[in-house]
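> Okay, so here is run27.cif, and as you'll see once you scroll down, it has mmCIF, C-alpha atoms and all ligand atoms.
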data_model
loop_
_atom_site.label_atom_id
_atom_site.label_comp_id
_atom_site.auth_asym_id
_atom_site.auth_seq_id
_atom_site.Cartn_x
_atom_site.Cartn_y
_atom_site.Cartn_z
CA MET B 19 29.23 72.43 -10.65
CA LYS B 20 31.23 71.63 -7.53
CA PRO B 21 34.77 70.39 -8.33
CA ILE B 22 35.32 66.73 -7.33
CA ILE B 23 37.95 67.87 -4.76
CA GLN B 24 39.11 71.36 -3.97
CA ALA B 25 42.76 70.39 -3.70
CA LYS B 26 43.84 73.61 -2.06
CA LYS B 27 47.59 74.04 -2.21
CA LEU B 28 48.18 73.72 1.54
CA ARG B 29 50.82 76.11 2.87
CA LEU B 30 52.96 74.38 5.45
CA GLY B 31 55.15 75.89 8.15
CA VAL B 32 57.60 73.19 9.26
CA LEU B 33 59.42 73.21 12.60
CA ALA B 34 62.42 70.92 13.07
CA SER B 35 65.29 70.67 15.53
CA GLY B 36 67.66 68.21 13.92
CA ARG B 37 68.37 66.24 10.77
CA GLY B 38 64.95 66.87 9.21
CA SER B 39 64.24 63.53 7.51
CA ASN B 40 60.48 64.09 7.89
CA PHE B 41 60.86 67.57 6.39
CA LEU B 42 62.69 66.03 3.41
CA ALA B 43 60.09 63.28 3.04
CA ILE B 44 57.32 65.91 2.93
CA GLN B 45 59.20 67.94 0.33
CA GLN B 46 59.78 64.78 -1.73
CA ALA B 47 56.05 63.97 -1.61
CA ILE B 48 55.32 67.50 -2.87
CA ALA B 49 57.90 67.19 -5.67
CA ALA B 50 56.50 63.77 -6.64
CA GLY B 51 52.99 65.21 -6.92
CA ARG B 52 51.69 63.12 -4.01
CA LEU B 53 50.99 66.16 -1.81
CA ASP B 54 49.13 69.32 -2.90
CA ALA B 55 51.11 71.61 -0.66
CA GLU B 56 54.07 73.90 -0.47
CA ILE B 57 56.48 74.54 2.37
CA ALA B 58 56.19 78.26 3.11
CA VAL B 59 59.02 78.24 5.64
CA LEU B 60 61.19 75.88 7.67
CA LEU B 61 61.99 77.08 11.19
CA SER B 62 64.48 75.58 13.61
CA ASP B 63 65.24 76.32 17.25
CA GLN B 64 68.79 75.02 16.65
CA PRO B 65 70.98 77.34 14.54
CA GLN B 66 73.32 74.45 13.59
CA ALA B 67 70.53 72.02 12.72
CA ALA B 68 71.25 70.08 9.50
CA VAL B 69 67.68 70.68 8.39
CA LEU B 70 68.44 74.37 7.80
CA ALA B 71 71.14 73.48 5.27
CA GLU B 72 68.79 70.97 3.64
CA ALA B 73 66.12 73.63 3.24
CA GLN B 74 68.66 76.12 1.89
CA GLN B 75 69.79 73.59 -0.70
CA LEU B 76 66.16 73.08 -1.76
CA GLY B 77 65.59 76.82 -2.05
CA ILE B 78 63.04 76.71 0.77
CA ARG B 79 62.80 79.77 3.05
CA ASN B 80 64.39 78.86 6.36
CA ARG B 81 65.13 80.64 9.62
CA ALA B 82 66.71 79.76 12.95
CA VAL B 83 64.66 81.27 15.79
CA VAL B 84 66.52 80.67 19.02
CA PRO B 85 64.47 80.53 22.24
CA GLY B 86 67.50 81.75 24.22
CA ASN B 87 67.26 85.10 22.43
CA PHE B 88 63.90 85.78 24.10
CA ASN B 89 63.17 86.53 27.75
CA ARG B 90 59.95 84.56 27.80
CA LYS B 91 58.57 81.52 25.97
CA GLU B 92 55.58 83.65 24.96
CA ASP B 93 57.91 86.05 23.14
CA TYR B 94 59.73 83.20 21.41
CA GLU B 95 56.45 81.64 20.27
CA GLY B 96 55.13 85.07 19.32
CA ARG B 97 58.03 85.47 16.92
CA LEU B 98 57.42 82.02 15.40
CA VAL B 99 53.74 82.85 14.94
CA GLU B 100 54.62 86.18 13.32
CA ILE B 101 56.88 84.50 10.74
CA LEU B 102 54.39 81.67 10.09
CA GLN B 103 51.46 84.05 9.63
CA ALA B 104 53.54 86.29 7.36
CA GLY B 105 54.00 83.19 5.21
CA ASP B 106 50.21 82.54 5.10
CA THR B 107 50.73 79.20 6.87
CA ASP B 108 47.68 76.91 6.89
CA ILE B 109 49.15 74.02 8.91
CA VAL B 110 52.11 73.99 11.30
CA VAL B 111 54.03 70.73 10.93
CA LEU B 112 56.23 69.67 13.85
CA ALA B 113 58.82 67.34 12.36
CA GLY B 114 61.45 66.31 14.86
CA TYR B 115 60.81 69.53 16.81
CA MET B 116 61.95 68.90 20.35
CA ARG B 117 59.99 71.55 22.27
CA LEU B 118 56.52 71.66 23.75
CA VAL B 119 54.10 74.01 22.02
CA GLY B 120 52.62 76.65 24.35
CA SER B 121 49.41 78.63 24.53
CA VAL B 122 50.55 81.47 22.24
CA PHE B 123 51.11 78.95 19.45
CA LEU B 124 47.94 76.95 20.10
CA ARG B 125 45.80 80.12 20.14
CA ALA B 126 47.26 81.28 16.83
CA PHE B 127 46.78 77.90 15.11
CA PRO B 128 43.85 76.10 16.83
CA HIS B 129 43.63 72.48 15.58
CA ARG B 130 46.13 73.46 12.91
CA ILE B 131 49.34 72.07 14.44
CA VAL B 132 50.30 68.45 13.74
CA ASN B 133 53.10 66.32 15.15
CA ILE B 134 54.63 62.92 14.49
CA HIS B 135 55.72 60.69 17.35
CA PRO B 136 57.75 57.47 16.91
CA ALA B 137 55.44 55.24 18.97
CA LEU B 138 51.82 54.08 19.06
CA LEU B 139 50.40 56.77 21.35
CA PRO B 140 49.32 56.81 24.12
CA ALA B 141 52.19 54.37 24.67
CA PHE B 142 55.71 55.68 25.15
CA THR B 143 55.24 59.44 25.14
CA GLY B 144 58.20 61.79 25.42
CA LEU B 145 61.80 61.24 24.44
CA HIS B 146 63.46 57.99 23.28
CA ALA B 147 60.12 56.40 22.51
CA GLN B 148 61.85 53.68 20.46
CA ARG B 149 64.14 52.81 23.38
CA GLN B 150 61.14 52.71 25.74
CA ALA B 151 59.43 50.22 23.39
CA VAL B 152 62.50 47.95 23.12
CA GLU B 153 63.04 47.99 26.89
CA TYR B 154 59.38 47.34 27.64
CA GLY B 155 59.46 44.29 25.38
CA VAL B 156 56.47 45.13 23.15
CA LYS B 157 56.02 42.99 20.03
CA TYR B 158 54.73 45.87 17.94
CA SER B 159 55.40 49.58 17.93
CA GLY B 160 55.06 52.25 15.25
CA CYS B 161 54.34 55.94 14.81
CA THR B 162 51.49 58.37 15.31
CA VAL B 163 50.48 61.59 13.57
CA HIS B 164 48.31 63.65 15.88
CA LEU B 165 46.88 67.13 16.37
CA VAL B 166 48.88 69.03 18.97
CA ASP B 167 47.12 70.14 22.14
CA ASN B 168 48.56 71.64 25.33
CA GLY B 169 49.87 68.29 26.54
CA MET B 170 52.92 66.27 25.51
CA ASP B 171 52.01 63.82 22.71
CA THR B 172 48.37 63.83 23.95
CA GLY B 173 46.39 65.41 21.10
CA PRO B 174 43.72 63.65 18.98
CA ILE B 175 45.20 60.90 16.82
CA ILE B 176 44.89 61.26 13.04
CA ARG B 177 46.78 58.22 11.74
CA GLN B 178 49.05 55.46 13.03
CA ALA B 179 51.31 52.87 11.41
CA VAL B 180 52.43 49.61 13.05
CA VAL B 181 55.82 47.91 12.78
CA PRO B 182 56.98 44.62 14.35
CA VAL B 183 59.63 44.71 17.08
CA ASP B 184 62.16 41.91 16.63
CA ASP B 185 63.87 40.15 19.55
CA ASP B 186 67.26 41.45 18.43
CA ASP B 187 66.08 45.03 17.86
CA ASP B 188 67.82 47.86 19.62
CA GLU B 189 66.78 51.54 19.72
CA GLU B 190 68.54 52.29 16.42
CA SER B 191 67.19 49.36 14.41
CA LEU B 192 63.65 49.96 15.60
CA ALA B 193 63.93 53.72 14.99
CA ALA B 194 65.04 53.04 11.41
CA ARG B 195 62.07 50.73 10.77
CA ILE B 196 59.61 53.21 12.28
CA LEU B 197 61.10 56.12 10.34
CA VAL B 198 60.16 54.51 7.02
CA GLN B 199 56.52 54.54 8.16
CA GLU B 200 56.78 58.08 9.53
CA HIS B 201 57.83 59.37 6.14
CA LYS B 202 54.89 57.55 4.56
CA ILE B 203 52.03 58.50 6.89
CA TYR B 204 52.99 62.14 7.43
CA ALA B 205 52.59 63.00 3.75
CA GLU B 206 49.36 60.96 3.63
CA VAL B 207 47.87 62.90 6.55
CA LEU B 208 48.88 66.25 5.07
CA GLN B 209 47.22 65.27 1.77
CA LEU B 210 44.02 64.37 3.65
CA LEU B 211 44.16 67.82 5.25
CA ALA B 212 44.74 69.42 1.83
CA GLU B 213 41.63 67.64 0.55
CA GLY B 214 39.57 68.84 3.49
CA ARG B 215 38.95 65.27 4.62
CA VAL B 216 40.04 65.54 8.26
CA PHE B 217 37.25 66.19 10.78
CA LEU B 218 37.51 66.45 14.58
CA GLU B 219 34.66 65.38 16.88
CA GLY B 220 35.70 65.48 20.53
CA ARG B 221 38.87 63.43 20.59
CA LYS B 222 37.93 61.45 17.51
CA VAL B 223 39.46 62.38 14.14
C1 LIG F 1 61.65 61.18 14.33
O1 LIG F 1 61.66 59.86 14.82
C2 LIG F 1 60.37 61.86 14.79
O2 LIG F 1 59.31 60.97 14.97
C3 LIG F 1 60.77 62.45 16.10
O3 LIG F 1 62.07 62.94 15.87
C4 LIG F 1 62.75 62.01 15.02
C5 LIG F 1 63.65 62.76 14.09
O4 LIG F 1 62.88 63.31 13.08
N1 LIG F 1 59.85 63.49 16.51
P1 LIG F 1 63.57 63.97 11.77
O5 LIG F 1 64.44 62.93 11.11
O6 LIG F 1 64.40 65.15 12.25
O7 LIG F 1 62.40 64.38 10.91
#
Just give me the structure as structure tokens.


Amino acid sequence: MKPIIQAKKLRLGVLASGRGSNFLAIQQAIAAGRLDAEIAVLLSDQPQAAVLAEAQQLGIRNRAVVPGNFNRKEDYEGRLVEILQAGDTDIVVLAGYMRLVGSVFLRAFPHRIVNIHPALLPAFTGLHAQRQAVEYGVKYSGCTVHLVDNGMDTGPIIRQAVVPVDDDDDEESLAARILVQEHKIYAEVLQLLAEGRVFLEGRKV
């Protein structure tokens, strides 16, 4: 008798460079029983990143791995992969991680790296996506969870959420509105992955 769902406890390796609000939202979804997963390790490229202290407080394994300590990007990524694989990581979750993922990483985790971007891709890739949206004058923006490929914010899209842009919005007010949706859809996507319900066909997820 096949179980209704094989809710595998997904092991997540989270990479973050800053405050880590998406990391916290994922951990809260796990604690609330909305996400069948566990965070195996939190890695940051920034030794002073607030997210490291947050992870420490939550008793989650956390390491700073500093690119500057390595001669080549391949060596830096090799070290990340080593730590993630030692933690039996199923999915690598980029959550406010401000570096491009290279070939060493992509080879180690093919179609197993996800990212969240604070815009409706393919619009407004790169940094300050919220500012780009305000300055462009769009009426709607939002956020995108996508599989990471060798481009910047170009991988197959898994889920998006839309928010209105008000006339008096600035970068900060729009970012705050989008962030609420980021925290919601990231946990939803990870739960879909945990349930084995995410399939890739060409670019289509
Ligand atoms: C978020 O807007 C995320 O979409 C972007 O970085 C911002 C900070 O994320 N990648 P967090 O609060 O550190 O999770």

> Give me, please, the distance in Å between CA of Phe41 in chain B and CA of Ile101 in chain B, quoted to one decimal.

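CA of Ile101 in chain B lies at a distance of 17.9 Å from CA of Phe41 in chain B.
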
> Which residue gives the smallest distance to Ala126 in chain B among B:Ala151, B:Ile109, B:Leu197, B:Ala49, with only C-alpha atoms counted?

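For Ala126 in chain B, the nearest of the given residues is B:Ile109.
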
> Select from chain B every residue with an atom at most 9 Å from any atom of ligand LIG 1 (chain F), then for each give the shortest pair of atoms and their distance in Å to one decimal, using only C-alpha atoms and all ligand atoms, rows by chain and rising number, as JSON lines.


{"residue": "B:Ala34", "atom": "CA", "partner": "F:LIG1", "partner_atom": "O6", "distance": 6.2}
{"residue": "B:Ser35", "atom": "CA", "partner": "F:LIG1", "partner_atom": "O6", "distance": 6.5}
{"residue": "B:Gly36", "atom": "CA", "partner": "F:LIG1", "partner_atom": "O6", "distance": 4.8}
{"residue": "B:Arg37", "atom": "CA", "partner": "F:LIG1", "partner_atom": "O6", "distance": 4.4}
{"residue": "B:Gly38", "atom": "CA", "partner": "F:LIG1", "partner_atom": "O6", "distance": 3.5}
{"residue": "B:Ser39", "atom": "CA", "partner": "F:LIG1", "partner_atom": "O5", "distance": 3.7}
{"residue": "B:Asn40", "atom": "CA", "partner": "F:LIG1", "partner_atom": "O7", "distance": 3.6}
{"residue": "B:Phe41", "atom": "CA", "partner": "F:LIG1", "partner_atom": "O7", "distance": 5.7}
{"residue": "B:Leu42", "atom": "CA", "partner": "F:LIG1", "partner_atom": "O7", "distance": 7.7}
{"residue": "B:Ala43", "atom": "CA", "partner": "F:LIG1", "partner_atom": "O7", "distance": 8.3}
{"residue": "B:Ala68", "atom": "CA", "partner": "F:LIG1", "partner_atom": "O6", "distance": 8.9}
{"residue": "B:Val69", "atom": "CA", "partner": "F:LIG1", "partner_atom": "O6", "distance": 7.5}
{"residue": "B:Leu112", "atom": "CA", "partner": "F:LIG1", "partner_atom": "N1", "distance": 7.6}
{"residue": "B:Ala113", "atom": "CA", "partner": "F:LIG1", "partner_atom": "O7", "distance": 4.9}
{"residue": "B:Gly114", "atom": "CA", "partner": "F:LIG1", "partner_atom": "O3", "distance": 3.6}
{"residue": "B:Tyr115", "atom": "CA", "partner": "F:LIG1", "partner_atom": "N1", "distance": 6.1}
{"residue": "B:Met116", "atom": "CA", "partner": "F:LIG1", "partner_atom": "N1", "distance": 7.0}
{"residue": "B:Asn133", "atom": "CA", "partner": "F:LIG1", "partner_atom": "N1", "distance": 7.4}
{"residue": "B:Ile134", "atom": "CA", "partner": "F:LIG1", "partner_atom": "O2", "distance": 5.1}
{"residue": "B:His135", "atom": "CA", "partner": "F:LIG1", "partner_atom": "O2", "distance": 4.3}
{"residue": "B:Pro136", "atom": "CA", "partner": "F:LIG1", "partner_atom": "O2", "distance": 4.3}
{"residue": "B:Ala137", "atom": "CA", "partner": "F:LIG1", "partner_atom": "O2", "distance": 8.0}
{"residue": "B:Leu145", "atom": "CA", "partner": "F:LIG1", "partner_atom": "N1", "distance": 8.5}
{"residue": "B:His146", "atom": "CA", "partner": "F:LIG1", "partner_atom": "O1", "distance": 8.8}
{"residue": "B:Ala147", "atom": "CA", "partner": "F:LIG1", "partner_atom": "O1", "distance": 8.6}
{"residue": "B:Gln148", "atom": "CA", "partner": "F:LIG1", "partner_atom": "O1", "distance": 8.4}
{"residue": "B:Cys161", "atom": "CA", "partner": "F:LIG1", "partner_atom": "O2", "distance": 7.1}
{"residue": "B:Thr162", "atom": "CA", "partner": "F:LIG1", "partner_atom": "O2", "distance": 8.2}
{"residue": "B:Val163", "atom": "CA", "partner": "F:LIG1", "partner_atom": "O2", "distance": 9.0}
{"residue": "B:Ala193", "atom": "CA", "partner": "F:LIG1", "partner_atom": "O1", "distance": 6.5}
{"residue": "B:Ala194", "atom": "CA", "partner": "F:LIG1", "partner_atom": "O1", "distance": 8.3}
{"residue": "B:Ile196", "atom": "CA", "partner": "F:LIG1", "partner_atom": "O1", "distance": 7.4}
{"residue": "B:Leu197", "atom": "CA", "partner": "F:LIG1", "partner_atom": "O1", "distance": 5.9}
{"residue": "B:Glu200", "atom": "CA", "partner": "F:LIG1", "partner_atom": "O2", "distance": 6.7}
{"residue": "B:His201", "atom": "CA", "partner": "F:LIG1", "partner_atom": "O7", "distance": 8.3}

> Out of B:Ile131, B:Val152, B:Leu218, B:Leu208, which residue has the shortest atom-to-atom distance to Glu189 in chain B when counting all atoms listed in the file?

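Checking each candidate against Glu189 in chain B, we get B:Val152 as the closest.
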
> Within 8 Å of Pro65 in chain B, counting only C-alpha atoms, which residues show up once you throw out same-chain ones fewer than 6 positions away? Write them as a ChimeraX atom specification, please.

/B:82-84

> In Å to one decimal, how far is CA of Thr143 in chain B from CA of Leu118 in chain B?

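Pair CA of Leu118 in chain B / CA of Thr143 in chain B returns 12.4 Å.
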
> Figure out the distance between CA of Val181 in chain B and CA of Gln199 in chain B, please, to one decimal in Å.

8.1 Å

> To test the calculation: enclose all listed atoms of range 118-124 of chain B in a box whose edges run along x, y and z, add 8 Å on each side, then state centre and edge lengths in Å to one decimal, as lines of an AutoDock Vina configuration file.


center_x = 52.2
center_y = 76.6
center_z = 22.0
size_x = 24.6
size_y = 25.8
size_z = 21.1

> I'd like to know which of B:Ser159, B:Asn87, B:Thr107, B:Asn168 is closest to Leu124 in chain B, using all atoms listed in the file.

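Ranking B:Ser159, B:Asn87, B:Thr107, B:Asn168 by distance to Leu124 in chain B, first place goes to B:Asn168.
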
> Identify which of the residues B:Ala50, B:Leu30, B:Val183, B:Val119 lies closest to Arg149 in chain B, counting all atoms listed in the file when measuring atom-to-atom distances.

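Answer, going by the shortest atom-to-atom distance: B:Val183.
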
> Smallest atom-to-atom distance to Ile57 in chain B: which of B:Glu95, B:Leu70, B:Leu165, B:Gly31, using all atoms listed in the file?

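Closest candidate: B:Gly31.
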
> For range 182-210 of chain B, supply N, CA and C atoms and report the output as a PDB file, in the coordinates of the input.


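Writing done, so here's rebuild17.pdb:
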ATOM      1  N   PRO B 182      56.618  45.663  13.392  1.00  0.00           N
ATOM      2  CA  PRO B 182      56.980  44.620  14.350  1.00  0.00           C
ATOM      3  C   PRO B 182      58.266  44.991  15.078  1.00  0.00           C
ATOM      4  N   VAL B 183      58.374  44.549  16.338  1.00  0.00           N
ATOM      5  CA  VAL B 183      59.630  44.710  17.080  1.00  0.00           C
ATOM      6  C   VAL B 183      60.271  43.321  17.169  1.00  0.00           C
ATOM      7  N   ASP B 184      61.500  43.213  16.614  1.00  0.00           N
ATOM      8  CA  ASP B 184      62.160  41.910  16.630  1.00  0.00           C
ATOM      9  C   ASP B 184      62.930  41.714  17.933  1.00  0.00           C
ATOM     10  N   ASP B 185      63.158  40.446  18.291  1.00  0.00           N
ATOM     11  CA  ASP B 185      63.870  40.150  19.550  1.00  0.00           C
ATOM     12  C   ASP B 185      65.251  40.810  19.591  1.00  0.00           C
ATOM     13  N   ASP B 186      65.888  40.902  18.407  1.00  0.00           N
ATOM     14  CA  ASP B 186      67.260  41.450  18.430  1.00  0.00           C
ATOM     15  C   ASP B 186      67.286  42.958  18.108  1.00  0.00           C
ATOM     16  N   ASP B 187      66.127  43.577  18.132  1.00  0.00           N
ATOM     17  CA  ASP B 187      66.080  45.030  17.860  1.00  0.00           C
ATOM     18  C   ASP B 187      66.741  45.805  18.995  1.00  0.00           C
ATOM     19  N   ASP B 188      67.423  46.879  18.611  1.00  0.00           N
ATOM     20  CA  ASP B 188      67.820  47.860  19.620  1.00  0.00           C
ATOM     21  C   ASP B 188      67.156  49.183  19.222  1.00  0.00           C
ATOM     22  N   GLU B 189      67.436  50.248  19.977  1.00  0.00           N
ATOM     23  CA  GLU B 189      66.780  51.540  19.720  1.00  0.00           C
ATOM     24  C   GLU B 189      66.992  51.983  18.278  1.00  0.00           C
ATOM     25  N   GLU B 190      68.213  51.788  17.765  1.00  0.00           N
ATOM     26  CA  GLU B 190      68.540  52.290  16.420  1.00  0.00           C
ATOM     27  C   GLU B 190      67.811  51.490  15.340  1.00  0.00           C
ATOM     28  N   SER B 191      67.808  50.183  15.472  1.00  0.00           N
ATOM     29  CA  SER B 191      67.190  49.360  14.410  1.00  0.00           C
ATOM     30  C   SER B 191      65.678  49.570  14.387  1.00  0.00           C
ATOM     31  N   LEU B 192      65.104  49.712  15.573  1.00  0.00           N
ATOM     32  CA  LEU B 192      63.650  49.960  15.600  1.00  0.00           C
ATOM     33  C   LEU B 192      63.340  51.362  15.066  1.00  0.00           C
ATOM     34  N   ALA B 193      64.159  52.340  15.445  1.00  0.00           N
ATOM     35  CA  ALA B 193      63.930  53.720  14.990  1.00  0.00           C
ATOM     36  C   ALA B 193      63.972  53.789  13.456  1.00  0.00           C
ATOM     37  N   ALA B 194      64.910  53.028  12.874  1.00  0.00           N
ATOM     38  CA  ALA B 194      65.040  53.040  11.410  1.00  0.00           C
ATOM     39  C   ALA B 194      63.794  52.440  10.752  1.00  0.00           C
ATOM     40  N   ARG B 195      63.269  51.372  11.345  1.00  0.00           N
ATOM     41  CA  ARG B 195      62.070  50.730  10.770  1.00  0.00           C
ATOM     42  C   ARG B 195      60.842  51.639  10.903  1.00  0.00           C
ATOM     43  N   ILE B 196      60.754  52.302  12.063  1.00  0.00           N
ATOM     44  CA  ILE B 196      59.610  53.210  12.280  1.00  0.00           C
ATOM     45  C   ILE B 196      59.698  54.416  11.343  1.00  0.00           C
ATOM     46  N   LEU B 197      60.925  54.909  11.140  1.00  0.00           N
ATOM     47  CA  LEU B 197      61.100  56.120  10.340  1.00  0.00           C
ATOM     48  C   LEU B 197      60.543  55.962   8.919  1.00  0.00           C
ATOM     49  N   VAL B 198      60.693  54.766   8.369  1.00  0.00           N
ATOM     50  CA  VAL B 198      60.160  54.510   7.020  1.00  0.00           C
ATOM     51  C   VAL B 198      58.644  54.778   7.008  1.00  0.00           C
ATOM     52  N   GLN B 199      57.979  54.332   8.068  1.00  0.00           N
ATOM     53  CA  GLN B 199      56.520  54.540   8.160  1.00  0.00           C
ATOM     54  C   GLN B 199      56.178  55.994   8.461  1.00  0.00           C
ATOM     55  N   GLU B 200      57.024  56.647   9.246  1.00  0.00           N
ATOM     56  CA  GLU B 200      56.780  58.080   9.530  1.00  0.00           C
ATOM     57  C   GLU B 200      56.732  58.866   8.224  1.00  0.00           C
ATOM     58  N   HIS B 201      57.723  58.627   7.402  1.00  0.00           N
ATOM     59  CA  HIS B 201      57.830  59.370   6.140  1.00  0.00           C
ATOM     60  C   HIS B 201      56.607  59.110   5.260  1.00  0.00           C
ATOM     61  N   LYS B 202      56.046  57.908   5.395  1.00  0.00           N
ATOM     62  CA  LYS B 202      54.890  57.550   4.560  1.00  0.00           C
ATOM     63  C   LYS B 202      53.612  58.220   5.088  1.00  0.00           C
ATOM     64  N   ILE B 203      53.349  58.052   6.394  1.00  0.00           N
ATOM     65  CA  ILE B 203      52.030  58.500   6.890  1.00  0.00           C
ATOM     66  C   ILE B 203      51.949  60.015   7.042  1.00  0.00           C
ATOM     67  N   TYR B 204      53.106  60.691   7.251  1.00  0.00           N
ATOM     68  CA  TYR B 204      52.990  62.140   7.430  1.00  0.00           C
ATOM     69  C   TYR B 204      52.473  62.803   6.152  1.00  0.00           C
ATOM     70  N   ALA B 205      53.041  62.414   5.027  1.00  0.00           N
ATOM     71  CA  ALA B 205      52.590  63.000   3.750  1.00  0.00           C
ATOM     72  C   ALA B 205      51.133  62.622   3.470  1.00  0.00           C
ATOM     73  N   GLU B 206      50.758  61.389   3.846  1.00  0.00           N
ATOM     74  CA  GLU B 206      49.360  60.960   3.630  1.00  0.00           C
ATOM     75  C   GLU B 206      48.398  61.815   4.444  1.00  0.00           C
ATOM     76  N   VAL B 207      48.747  62.084   5.701  1.00  0.00           N
ATOM     77  CA  VAL B 207      47.870  62.900   6.550  1.00  0.00           C
ATOM     78  C   VAL B 207      47.775  64.321   6.007  1.00  0.00           C
ATOM     79  N   LEU B 208      48.909  64.876   5.585  1.00  0.00           N
ATOM     80  CA  LEU B 208      48.880  66.250   5.070  1.00  0.00           C
ATOM     81  C   LEU B 208      48.034  66.336   3.799  1.00  0.00           C
ATOM     82  N   GLN B 209      48.053  65.279   2.992  1.00  0.00           N
ATOM     83  CA  GLN B 209      47.220  65.270   1.770  1.00  0.00           C
ATOM     84  C   GLN B 209      45.738  65.200   2.149  1.00  0.00           C
ATOM     85  N   LEU B 210      45.419  64.425   3.177  1.00  0.00           N
ATOM     86  CA  LEU B 210      44.020  64.370   3.650  1.00  0.00           C
ATOM     87  C   LEU B 210      43.574  65.758   4.118  1.00  0.00           C
TER      88      LEU B 210
END
